[in-house]
>>> print(open('model_34.txt').read())   # compact mmCIF, C-alpha atoms (C1' of nucleotides)
# COMPACT_ATOMS: atom_id res chain seq x y z
CA MET A 852 79.98 60.36 134.06
CA THR A 853 76.32 60.14 133.21
CA HIS A 854 74.53 57.23 131.68
CA SER A 855 73.91 59.12 128.51
CA ALA A 856 77.59 59.73 128.09
CA VAL A 857 78.32 56.04 128.33
CA LEU A 858 75.34 54.53 126.58
CA GLY A 859 75.01 57.05 123.81
CA GLU A 860 72.55 59.83 123.40
CA ALA A 861 68.82 59.59 123.59
CA PRO A 862 67.45 59.65 120.04
CA ASN A 863 67.18 63.41 119.77
CA GLU A 864 67.12 65.31 116.52
CA THR A 865 70.81 65.87 116.99
CA VAL A 866 73.20 63.44 115.47
CA THR A 867 76.12 64.87 117.43
CA SER A 868 76.65 63.31 120.84
CA ASN A 869 77.65 65.26 123.92
CA ASN A 870 80.86 63.36 123.82
CA GLU A 871 81.68 64.58 120.36
CA ARG A 872 80.75 68.12 121.25
CA SER A 873 83.08 68.22 124.23
CA VAL A 874 85.89 66.95 122.06
CA LEU A 875 85.26 69.57 119.39
CA ARG A 876 85.07 72.33 121.97
CA ALA A 877 88.40 71.33 123.49
CA TRP A 878 90.00 70.99 120.07
CA LEU A 879 88.81 74.34 118.82
CA ARG A 880 90.02 76.06 121.95
CA MET A 881 93.41 74.41 121.68
CA LEU A 882 93.63 75.46 118.06
CA ALA A 883 92.71 79.02 119.00
CA CYS A 884 95.35 79.16 121.74
CA THR A 885 98.04 77.77 119.49
CA ASN A 886 97.19 80.15 116.69
CA ILE A 887 97.21 83.15 119.01
CA ILE A 888 100.58 82.27 120.52
CA GLU A 889 102.16 81.26 117.22
CA GLY A 890 100.86 84.42 115.58
CA ARG A 891 102.35 86.57 118.31
CA VAL A 892 105.69 84.83 118.01
CA ARG A 893 105.69 85.27 114.25
CA GLY A 894 104.86 88.95 114.58
CA ALA A 895 107.49 89.53 117.24
CA LEU A 896 110.18 87.71 115.24
CA ARG A 897 109.35 89.87 112.28
CA GLU A 898 109.20 93.09 114.25
CA HIS A 899 112.25 92.64 116.45
CA PHE A 900 114.52 90.47 114.33
CA ASN A 901 113.13 90.79 110.82
CA THR A 902 112.90 87.04 110.40
CA THR A 903 110.35 84.26 110.32
CA LEU A 904 109.39 81.34 112.53
CA PRO A 905 110.54 78.61 110.12
CA ARG A 906 113.97 80.25 109.90
CA PHE A 907 114.22 80.54 113.66
CA ASP A 908 113.20 76.91 114.02
CA LEU A 909 115.81 75.81 111.53
CA LEU A 910 118.59 77.73 113.26
CA ALA A 911 117.47 76.40 116.64
CA GLN A 912 117.42 72.84 115.33
CA LEU A 913 120.94 73.14 113.93
CA ASP A 914 122.18 74.55 117.22
CA ALA A 915 120.49 71.84 119.23
CA SER A 916 122.01 69.21 116.96
CA SER A 917 125.51 70.67 117.09
CA ALA A 918 126.60 68.43 119.96
CA ASP A 919 125.20 65.41 118.19
CA ALA A 920 126.51 66.36 114.76
CA PRO A 921 129.23 69.00 114.82
CA ARG A 922 129.68 68.91 111.04
CA GLY A 923 126.03 69.76 110.47
CA LEU A 924 122.99 67.86 109.26
CA THR A 925 122.00 66.65 105.84
CA MET A 926 118.92 68.12 104.19
CA SER A 927 117.00 64.90 104.78
CA GLU A 928 117.93 64.66 108.44
CA LEU A 929 117.00 68.30 108.96
CA SER A 930 113.67 67.87 107.22
CA ARG A 931 112.96 64.83 109.42
CA ARG A 932 113.73 66.73 112.60
CA LEU A 933 111.76 69.80 111.58
CA MET A 934 108.91 67.65 110.31
CA VAL A 935 108.71 69.38 106.95
CA THR A 936 109.21 68.05 103.44
CA ASN A 937 112.52 68.01 101.64
CA GLY A 938 111.27 70.34 98.97
CA ASN A 939 110.28 72.87 101.55
CA LEU A 940 113.69 72.78 103.12
CA THR A 941 115.45 73.50 99.84
CA GLY A 942 113.95 76.97 99.62
CA LEU A 943 114.29 77.67 103.32
CA VAL A 944 117.98 76.81 103.35
CA ASP A 945 118.49 78.79 100.12
CA ARG A 946 117.20 81.90 101.87
CA LEU A 947 119.27 81.34 105.00
CA VAL A 948 122.40 80.79 102.92
CA ARG A 949 121.65 84.02 101.08
CA GLU A 950 121.43 85.75 104.46
CA GLY A 951 124.73 84.19 105.54
CA LEU A 952 123.25 82.40 108.55
CA VAL A 953 123.85 78.82 107.46
CA ALA A 954 126.38 77.09 105.22
CA ARG A 955 125.60 74.27 102.83
CA VAL A 956 128.47 72.13 101.55
CA VAL A 957 128.49 68.90 99.59
CA SER A 958 129.37 65.95 101.77
CA PRO A 959 132.64 64.48 100.45
CA PRO A 960 131.81 60.83 101.27
CA ASP A 961 128.40 61.04 99.56
CA ARG A 962 128.23 63.63 96.84
CA ARG A 963 124.45 63.50 96.78
CA ALA A 964 124.22 64.83 100.33
CA GLN A 965 124.55 68.40 101.56
CA MET A 966 125.77 69.19 105.05
CA VAL A 967 123.98 72.21 106.48
CA SER A 968 125.50 74.00 109.45
CA LEU A 969 125.27 77.27 111.37
CA THR A 970 127.72 80.00 110.45
CA THR A 971 129.17 82.25 113.14
CA ALA A 972 126.67 84.88 112.09
CA GLY A 973 123.87 82.33 112.31
CA LYS A 974 124.89 81.32 115.81
CA SER A 975 125.03 84.97 116.87
CA ALA A 976 121.63 85.68 115.38
CA LEU A 977 120.14 82.69 117.14
CA ASP A 978 121.71 83.63 120.48
CA ALA A 979 120.18 87.07 120.18
CA MET A 980 116.72 85.67 119.49
CA THR A 981 116.51 82.79 121.93
CA PRO A 982 116.06 84.73 125.21
CA ALA A 983 113.49 87.04 123.65
CA HIS A 984 111.59 84.07 122.30
CA ALA A 985 111.51 82.43 125.72
CA GLU A 986 110.32 85.67 127.26
CA TRP A 987 107.44 86.09 124.81
CA ILE A 988 106.17 82.61 125.52
CA THR A 989 106.61 82.96 129.27
CA ASP A 990 104.69 86.21 129.18
CA MET A 991 101.74 84.61 127.42
CA PHE A 992 101.62 81.75 129.94
CA GLU A 993 101.80 84.09 132.92
CA GLY A 994 98.15 83.57 133.86
CA LEU A 995 98.76 79.89 134.63
CA SER A 996 100.25 78.76 137.90
CA ASP A 997 103.12 76.34 138.03
CA ALA A 998 100.70 73.56 138.96
CA GLU A 999 98.39 74.42 136.09
CA ARG A 1000 101.25 74.38 133.61
CA GLY A 1001 102.17 70.96 134.91
CA GLN A 1002 98.61 69.76 134.60
CA LEU A 1003 98.42 71.10 131.05
CA TYR A 1004 101.69 69.41 130.20
CA ARG A 1005 100.45 66.11 131.57
CA LEU A 1006 97.13 66.29 129.73
CA LEU A 1007 98.86 67.19 126.49
CA GLY A 1008 101.17 64.24 126.93
CA LYS A 1009 98.17 62.00 127.19
CA LEU A 1010 96.63 63.65 124.14
CA LYS A 1011 99.81 63.18 122.16
CA ARG A 1012 99.86 59.48 122.96
CA SER A 1013 96.18 59.32 122.08
CA THR A 1014 96.78 60.82 118.65
CA GLN A 1015 99.60 58.36 118.05
CA ALA A 1016 97.34 55.48 119.02
CA ALA A 1017 94.71 56.82 116.65
CA GLY A 1018 97.32 56.99 113.90
CA GLU A 1019 98.18 53.35 114.41
CA ARG A 1020 94.53 52.35 114.26
CA ILE A 1021 94.40 53.87 110.77
CA SER A 1022 97.65 52.40 109.46
CA MET B 1022 104.19 72.16 110.74
CA THR B 1023 107.04 74.12 112.19
CA HIS B 1024 108.50 75.16 115.48
CA SER B 1025 110.44 72.07 116.25
CA ALA B 1026 110.71 70.57 119.67
CA VAL B 1027 114.18 71.83 120.16
CA LEU B 1028 113.90 74.86 122.33
CA GLY B 1029 113.44 73.02 125.58
CA GLU B 1030 117.17 72.55 125.69
CA ALA B 1031 118.77 74.79 128.24
CA PRO B 1032 122.40 75.18 127.27
CA ASN B 1033 122.81 77.79 129.97
CA GLU B 1034 121.16 76.69 133.14
CA THR B 1035 121.99 79.82 135.02
CA VAL B 1036 120.07 82.06 132.65
CA THR B 1037 117.04 79.92 131.91
CA SER B 1038 114.84 79.61 134.96
CA ASN B 1039 112.92 76.49 135.84
CA ASN B 1040 109.83 78.53 135.39
CA GLU B 1041 110.73 79.39 131.84
CA ARG B 1042 111.59 75.81 131.06
CA SER B 1043 108.25 74.51 132.26
CA VAL B 1044 106.52 77.09 130.10
CA LEU B 1045 108.52 76.15 127.03
CA ARG B 1046 107.93 72.48 127.61
CA ALA B 1047 104.18 72.97 127.84
CA TRP B 1048 104.15 75.25 124.80
CA LEU B 1049 106.18 72.90 122.63
CA ARG B 1050 104.00 69.98 123.58
CA MET B 1051 100.86 71.94 122.79
CA LEU B 1052 102.31 72.95 119.47
CA ALA B 1053 103.22 69.36 118.71
CA CYS B 1054 99.71 68.13 119.52
CA THR B 1055 98.07 70.83 117.44
CA ASN B 1056 100.35 70.17 114.50
CA ILE B 1057 99.74 66.44 114.65
CA ILE B 1058 95.97 66.81 114.78
CA GLU B 1059 95.83 69.56 112.20
CA GLY B 1060 98.09 67.59 109.88
CA ARG B 1061 95.89 64.53 110.15
CA VAL B 1062 92.78 66.57 109.43
CA ARG B 1063 94.43 68.19 106.41
CA GLY B 1064 95.51 64.83 105.08
CA ALA B 1065 92.12 63.23 105.64
CA LEU B 1066 90.29 66.14 104.00
CA ARG B 1067 92.52 65.83 100.99
CA GLU B 1068 92.31 62.06 100.83
CA HIS B 1069 88.60 61.62 101.41
CA PHE B 1070 87.14 64.84 100.02
CA ASN B 1071 89.90 66.25 97.83
CA THR B 1072 89.77 69.59 99.60
CA THR B 1073 91.74 71.65 102.10
CA LEU B 1074 91.31 72.81 105.68
CA PRO B 1075 90.90 76.51 104.86
CA ARG B 1076 88.12 75.66 102.41
CA PHE B 1077 86.38 73.45 104.94
CA ASP B 1078 86.67 76.17 107.57
CA LEU B 1079 85.21 78.73 105.23
CA LEU B 1080 82.23 76.55 104.33
CA ALA B 1081 81.67 75.70 108.00
CA GLN B 1082 81.77 79.35 108.98
CA LEU B 1083 79.24 80.29 106.33
CA ASP B 1084 76.95 77.51 107.49
CA ALA B 1085 77.32 78.48 111.13
CA SER B 1086 76.48 82.06 110.23
CA SER B 1087 73.47 81.20 108.11
CA ALA B 1088 70.99 81.65 110.97
CA ASP B 1089 72.59 84.96 111.86
CA ALA B 1090 72.97 86.16 108.27
CA PRO B 1091 70.79 84.26 105.80
CA ARG B 1092 71.95 86.40 102.87
CA GLY B 1093 75.59 85.54 103.51
CA LEU B 1094 78.56 87.42 104.88
CA THR B 1095 80.72 90.14 103.40
CA MET B 1096 84.35 89.44 102.67
CA SER B 1097 85.44 91.57 105.61
CA GLU B 1098 83.07 89.93 108.05
CA LEU B 1099 84.17 86.52 106.88
CA SER B 1100 87.83 87.41 107.22
CA ARG B 1101 87.19 88.67 110.75
CA ARG B 1102 85.43 85.46 111.74
CA LEU B 1103 88.03 83.22 110.17
CA MET B 1104 90.86 85.35 111.56
CA VAL B 1105 92.64 85.66 108.24
CA THR B 1106 93.48 88.71 106.17
CA ASN B 1107 91.21 90.09 103.48
CA GLY B 1108 93.75 89.42 100.78
CA ASN B 1109 93.90 85.80 101.78
CA LEU B 1110 90.16 85.48 101.54
CA THR B 1111 90.04 86.85 98.00
CA GLY B 1112 91.92 83.88 96.59
CA LEU B 1113 90.18 81.37 98.81
CA VAL B 1114 86.73 82.52 97.76
CA ASP B 1115 87.87 82.65 94.14
CA ARG B 1116 88.71 78.96 94.27
CA LEU B 1117 85.49 78.02 96.03
CA VAL B 1118 83.46 79.99 93.49
CA ARG B 1119 85.31 78.18 90.71
CA GLU B 1120 84.34 74.90 92.38
CA GLY B 1121 80.73 76.03 92.63
CA LEU B 1122 80.58 75.73 96.42
CA VAL B 1123 80.00 79.37 97.29
CA ALA B 1124 78.38 82.31 95.54
CA ARG B 1125 79.70 85.85 95.61
CA VAL B 1126 77.36 88.67 94.64
CA VAL B 1127 77.66 92.42 94.95
CA SER B 1128 75.60 93.80 97.81
CA PRO B 1129 72.98 96.15 96.32
CA PRO B 1130 72.97 98.67 99.19
CA ASP B 1131 76.78 98.97 99.20
CA ARG B 1132 78.33 98.24 95.86
CA ARG B 1133 81.79 97.95 97.41
CA ALA B 1134 80.75 94.89 99.41
CA GLN B 1135 80.38 91.30 98.26
CA MET B 1136 77.95 88.92 99.92
CA VAL B 1137 79.41 85.42 100.09
CA SER B 1138 77.05 82.51 100.66
CA LEU B 1139 76.91 78.73 100.43
CA THR B 1140 75.45 77.25 97.25
CA THR B 1141 73.33 74.11 97.41
CA ALA B 1142 76.37 72.16 96.27
CA GLY B 1143 78.45 73.84 98.95
CA LYS B 1144 75.97 72.92 101.64
CA SER B 1145 75.89 69.33 100.42
CA ALA B 1146 79.67 69.13 100.36
CA LEU B 1147 79.86 70.51 103.88
CA ASP B 1148 77.19 68.12 105.16
CA ALA B 1149 79.17 65.23 103.75
CA MET B 1150 82.37 66.35 105.43
CA THR B 1151 81.15 67.46 108.85
CA PRO B 1152 80.46 64.04 110.43
CA ALA B 1153 83.73 62.63 109.14
CA HIS B 1154 85.59 65.63 110.49
CA ALA B 1155 84.02 65.23 113.93
CA GLU B 1156 84.87 61.56 113.90
CA TRP B 1157 88.54 62.14 113.08
CA ILE B 1158 88.89 64.58 115.95
CA THR B 1159 86.98 62.37 118.36
CA ASP B 1160 89.15 59.45 117.43
CA MET B 1161 92.32 61.36 118.21
CA PHE B 1162 90.97 62.47 121.61
CA GLU B 1163 89.85 58.98 122.53
CA GLY B 1164 92.62 58.48 125.07
CA LEU B 1165 91.27 61.28 127.25
CA SER B 1166 88.38 60.73 129.63
CA ASP B 1167 85.44 63.08 129.73
CA ALA B 1168 86.83 64.63 132.90
CA GLU B 1169 90.24 65.12 131.33
CA ARG B 1170 88.75 66.78 128.29
CA GLY B 1171 86.91 69.14 130.62
CA GLN B 1172 90.08 69.86 132.52
CA LEU B 1173 91.95 70.53 129.31
CA TYR B 1174 89.17 72.83 128.13
CA ARG B 1175 89.28 74.75 131.39
CA LEU B 1176 93.06 75.13 131.36
CA LEU B 1177 93.02 76.26 127.76
CA GLY B 1178 90.39 78.83 128.63
CA LYS B 1179 92.68 80.19 131.26
CA LEU B 1180 95.58 80.16 128.82
CA LYS B 1181 93.54 82.02 126.25
CA ARG B 1182 92.70 84.74 128.74
CA SER B 1183 96.36 84.84 129.74
CA THR B 1184 97.48 85.43 126.17
CA GLN B 1185 94.92 88.18 125.80
CA ALA B 1186 96.16 89.82 128.99
CA ALA B 1187 99.71 89.56 127.65
CA GLY B 1188 98.56 91.21 124.43
CA GLU B 1189 97.12 94.12 126.37
CA ARG B 1190 100.33 94.55 128.33
CA ILE B 1191 102.12 95.06 125.02
CA SER B 1192 99.60 97.46 123.51
C1' DT C 870 131.88 45.70 84.52
C1' DC C 871 127.40 47.27 84.12
C1' DC C 872 122.77 47.77 85.36
C1' DC C 873 119.36 48.92 88.59
C1' DA C 874 117.19 49.69 92.88
C1' DA C 875 117.66 52.71 96.68
C1' DT C 876 118.76 57.16 98.51
C1' DG C 877 119.49 62.39 98.63
C1' DT C 878 118.09 66.49 96.70
C1' DT C 879 115.83 69.80 93.69
C1' DT C 880 112.09 71.12 90.59
C1' DT C 881 107.39 71.88 89.52
C1' DA C 882 102.67 73.01 90.13
C1' DG C 883 99.43 74.38 93.17
C1' DG C 884 97.70 76.38 97.25
C1' DC C 885 97.91 79.16 101.74
C1' DT C 886 99.30 83.37 104.15
C1' DT C 887 100.79 87.97 105.20
C1' DA C 888 101.82 93.01 104.64
C1' DT C 889 101.46 96.70 101.78
C1' DA C 890 99.75 99.31 97.96
C1' DA C 891 96.17 100.33 94.83
C1' DT C 892 91.34 100.78 93.44
C1' DA C 893 86.46 101.54 94.10
C1' DA C 894 82.51 103.20 96.50
C1' DC C 895 80.48 105.44 100.28
C1' DT C 896 79.62 109.40 103.67
C1' DC C 897 79.56 113.73 105.32
C1' DG C 898 80.85 118.52 106.19
C1' DG C 899 81.12 122.77 103.95
C1' DC D 27 77.33 119.34 95.05
C1' DC D 28 81.90 118.25 95.78
C1' DG D 29 86.08 116.88 97.76
C1' DA D 30 88.35 114.52 101.83
C1' DG D 31 88.51 110.89 104.64
C1' DT D 32 86.82 106.23 105.48
C1' DT D 33 85.71 101.61 104.36
C1' DA D 34 85.50 97.27 101.27
C1' DT D 35 87.97 94.78 98.30
C1' DT D 36 91.56 93.26 95.17
C1' DA D 37 96.47 93.18 93.41
C1' DT D 38 101.25 92.43 94.27
C1' DA D 39 105.41 90.57 96.12
C1' DA D 40 107.42 87.52 99.11
C1' DG D 41 107.61 83.54 101.73
C1' DC D 42 105.95 78.96 103.48
C1' DC D 43 104.22 74.31 102.49
C1' DT D 44 103.00 69.92 100.16
C1' DA D 45 102.89 66.03 96.79
C1' DA D 46 104.73 64.20 92.88
C1' DA D 47 108.09 63.98 89.39
C1' DA D 48 112.73 64.56 87.87
C1' DC D 49 117.58 64.36 88.54
C1' DA D 50 121.97 62.73 90.65
C1' DT D 51 124.70 59.53 93.05
C1' DT D 52 125.66 55.35 95.38
C1' DG D 53 126.19 50.55 96.18
C1' DG D 54 125.29 45.92 95.36
C1' DG D 55 124.59 42.04 92.65
C1' DA D 56 124.45 39.47 87.77
>>> encode(input="model_34.txt", output="structure tokens")
Amino acid sequence: MTHSAVLGEAPNETVTSNNERSVLRAWLRMLACTNIIEGRVRGALREHFNTTLPRFDLLAQLDASSADAPRGLTMSELSRRLMVTNGNLTGLVDRLVREGLVARVVSPPDRRAQMVSLTTAGKSALDAMTPAHAEWITDMFEGLSDAERGQLYRLLGKLKRSTQAAGERIS
Amino acid sequence: MTHSAVLGEAPNETVTSNNERSVLRAWLRMLACTNIIEGRVRGALREHFNTTLPRFDLLAQLDASSADAPRGLTMSELSRRLMVTNGNLTGLVDRLVREGLVARVVSPPDRRAQMVSLTTAGKSALDAMTPAHAEWITDMFEGLSDAERGQLYRLLGKLKRSTQAAGERIS
DNA sequence: TCCCAATGTTTTAGGCTTATAATAACTCGG
DNA sequence: CCGAGTTATTATAAGCCTAAAACATTGGGA
């Protein structure tokens, strides 16, 4: 922790502080890692199961919610949990219904709402994909020890809280 | 903004190892952080500069390459550096040309190739955005100390190498 | 009862992204 | 010099994603 880091940079030609540079370096590396891993998962889902990451995520979310909500989730609740817009979900669910993996039925008590749920075929498809998905990720993290994974997890937790704090400073 | 934080559930404890769970936890948290930060940057670029992240990235890449390649980059070279497909770049450059931020001219020595370069307006637009962009990122990393940022950077470097090793195991 | 604000969903317009196919221009061996 | 293979780019088709507007239904007062 040098003086310059605390007190600000000497008046060089550079406007960018060391502080800022170290942040940008870390961010760009994190972005690169995420994109590599996500890209591999997308490619593997396509190659092995002929599907896409958003579809897998949707099926996984429905399955995870099945204890909580055995009759399924509404479009709005699903879009909240998947952190995507309602409009996006409309098309995504359309395609999964067409493939027979999810069912969408009007909710009797509120005819505006649609209950979306996994079909038997959807559950089977998900069960086939889940172990492979876990294996792909595990394989890509193989170079990190258990301790390092824990350290990464802890740091990312701190980063997540930091981003939330930053969000509140704006709002 | 996909890949919901759902997969950490282990409905079958006997199959999913602790090892695998710790990997999935770390991965989902990293994905969450990246999506949060990237989403904020996208929103801020749109709100403050009425532009998008891919366009900003393209301008930044051209600027970063200007020492290396003062006449600009070809479409293929640009797509390699931005890690997107050629077809993607065609539309992206189209829009930036329409906005007057980049120029695209046929390369005299090889009439198949297009040299893409920043216009004066493009350079000005980039210069206006760059400090704000750095500030947004810095703000979101504020909760991490210098040492923690370094630690994160180091761990991510190891992760990146790990993913590359995993890629070679497949190929 | 009827209106209207709130809520749930879809539509629309625009942009990003990929894989694959098509087109254009270059290079080089014969 | 000419055709085959290679390389650079664009076109196409499909899907993902968002914001904003439109549409549909509900529920609670006046």
>>> calpha_fit_rmsd(input="model_34.txt", fixed="chain A", moving="chain B")
6.0 Å
>>> residues_near_point(input="model_34.txt", point="(102.1, 81.9, 120.3)", cutoff="10 Å", atoms="all atoms listed in the file", output="count of residues only")
21
>>> residues_around(input="model_34.txt", residues="DC873 of chain C", least_positions_apart="3", cutoff="12 Å", atoms="only C-alpha atoms (C1' of nucleotides)", output="list in words")
DT52, DG53, DG54, DG55 and DA56 of chain D
>>> interface_residues(input="model_34.txt", of="chain C", to="chain A", cutoff="10 Å", atoms="all atoms listed in the file", output="list in words")
DT876, DG877, DT878, DT879 and DT880 of chain C
>>> interface_residues(input="model_34.txt", of="chain B", to="chain A", cutoff="7 Å", atoms="only C-alpha atoms", output="ChimeraX atom specification")
/B:1022-1025,1027-1028,1041,1044,1047,1050-1052,1054-1055,1155,1159-1165,1170,1173-1174,1176-1177,1179-1181,1183-1184,1187
>>> interface_residues(input="model_34.txt", of="chain D", to="chain B", cutoff="12 Å", atoms="all atoms listed in the file", output="PyMOL selection string")
chain D and resi 33-38+42-45
>>> write_last_selection(input="model_34.txt", atoms="C-alpha atoms (C1' of nucleotides)", output="compact mmCIF listing (two decimals), in the frame of the given file")
# COMPACT_ATOMS: atom_id res chain seq x y z
C1' DT D 33 85.71 101.61 104.36
C1' DA D 34 85.50 97.27 101.27
C1' DT D 35 87.97 94.78 98.30
C1' DT D 36 91.56 93.26 95.17
C1' DA D 37 96.47 93.18 93.41
C1' DT D 38 101.25 92.43 94.27
C1' DC D 42 105.95 78.96 103.48
C1' DC D 43 104.22 74.31 102.49
C1' DT D 44 103.00 69.92 100.16
C1' DA D 45 102.89 66.03 96.79
>>> residues_around(input="model_34.txt", residues="DG899 of chain C", least_positions_apart="2", cutoff="12 Å", atoms="only C-alpha atoms (C1' of nucleotides)", output="PDB file with C-alpha atoms (C1' of nucleotides), in the coordinates of the input")
ATOM      1  C1'  DC C 897      79.560 113.730 105.320  1.00  0.00           C
TER       2       DC C 897
ATOM      3  C1'  DC D  27      77.330 119.340  95.050  1.00  0.00           C
ATOM      4  C1'  DC D  28      81.900 118.250  95.780  1.00  0.00           C
ATOM      5  C1'  DG D  29      86.080 116.880  97.760  1.00  0.00           C
ATOM      6  C1'  DA D  30      88.350 114.520 101.830  1.00  0.00           C
TER       7       DA D  30
END
>>> atom_distance(input="model_34.txt", atom1="atom CA of Phe1070 of chain B", atom2="atom CA of Leu1122 of chain B")
13.2 Å
>>> atom_distance(input="model_34.txt", atom1="atom CA of Arg1119 of chain B", atom2="atom C1' of DA47 of chain D")
26.9 Å
>>> closest_residue(input="model_34.txt", among="B:Glu1189, B:His1069, B:Leu1080, B:Pro1091", to="Val1123 of chain B", atoms="only C-alpha atoms")
B:Leu1080
>>> atom_distance(input="model_34.txt", atom1="atom CA of Thr971 of chain A", atom2="atom C1' of DA40 of chain D")
26.4 Å
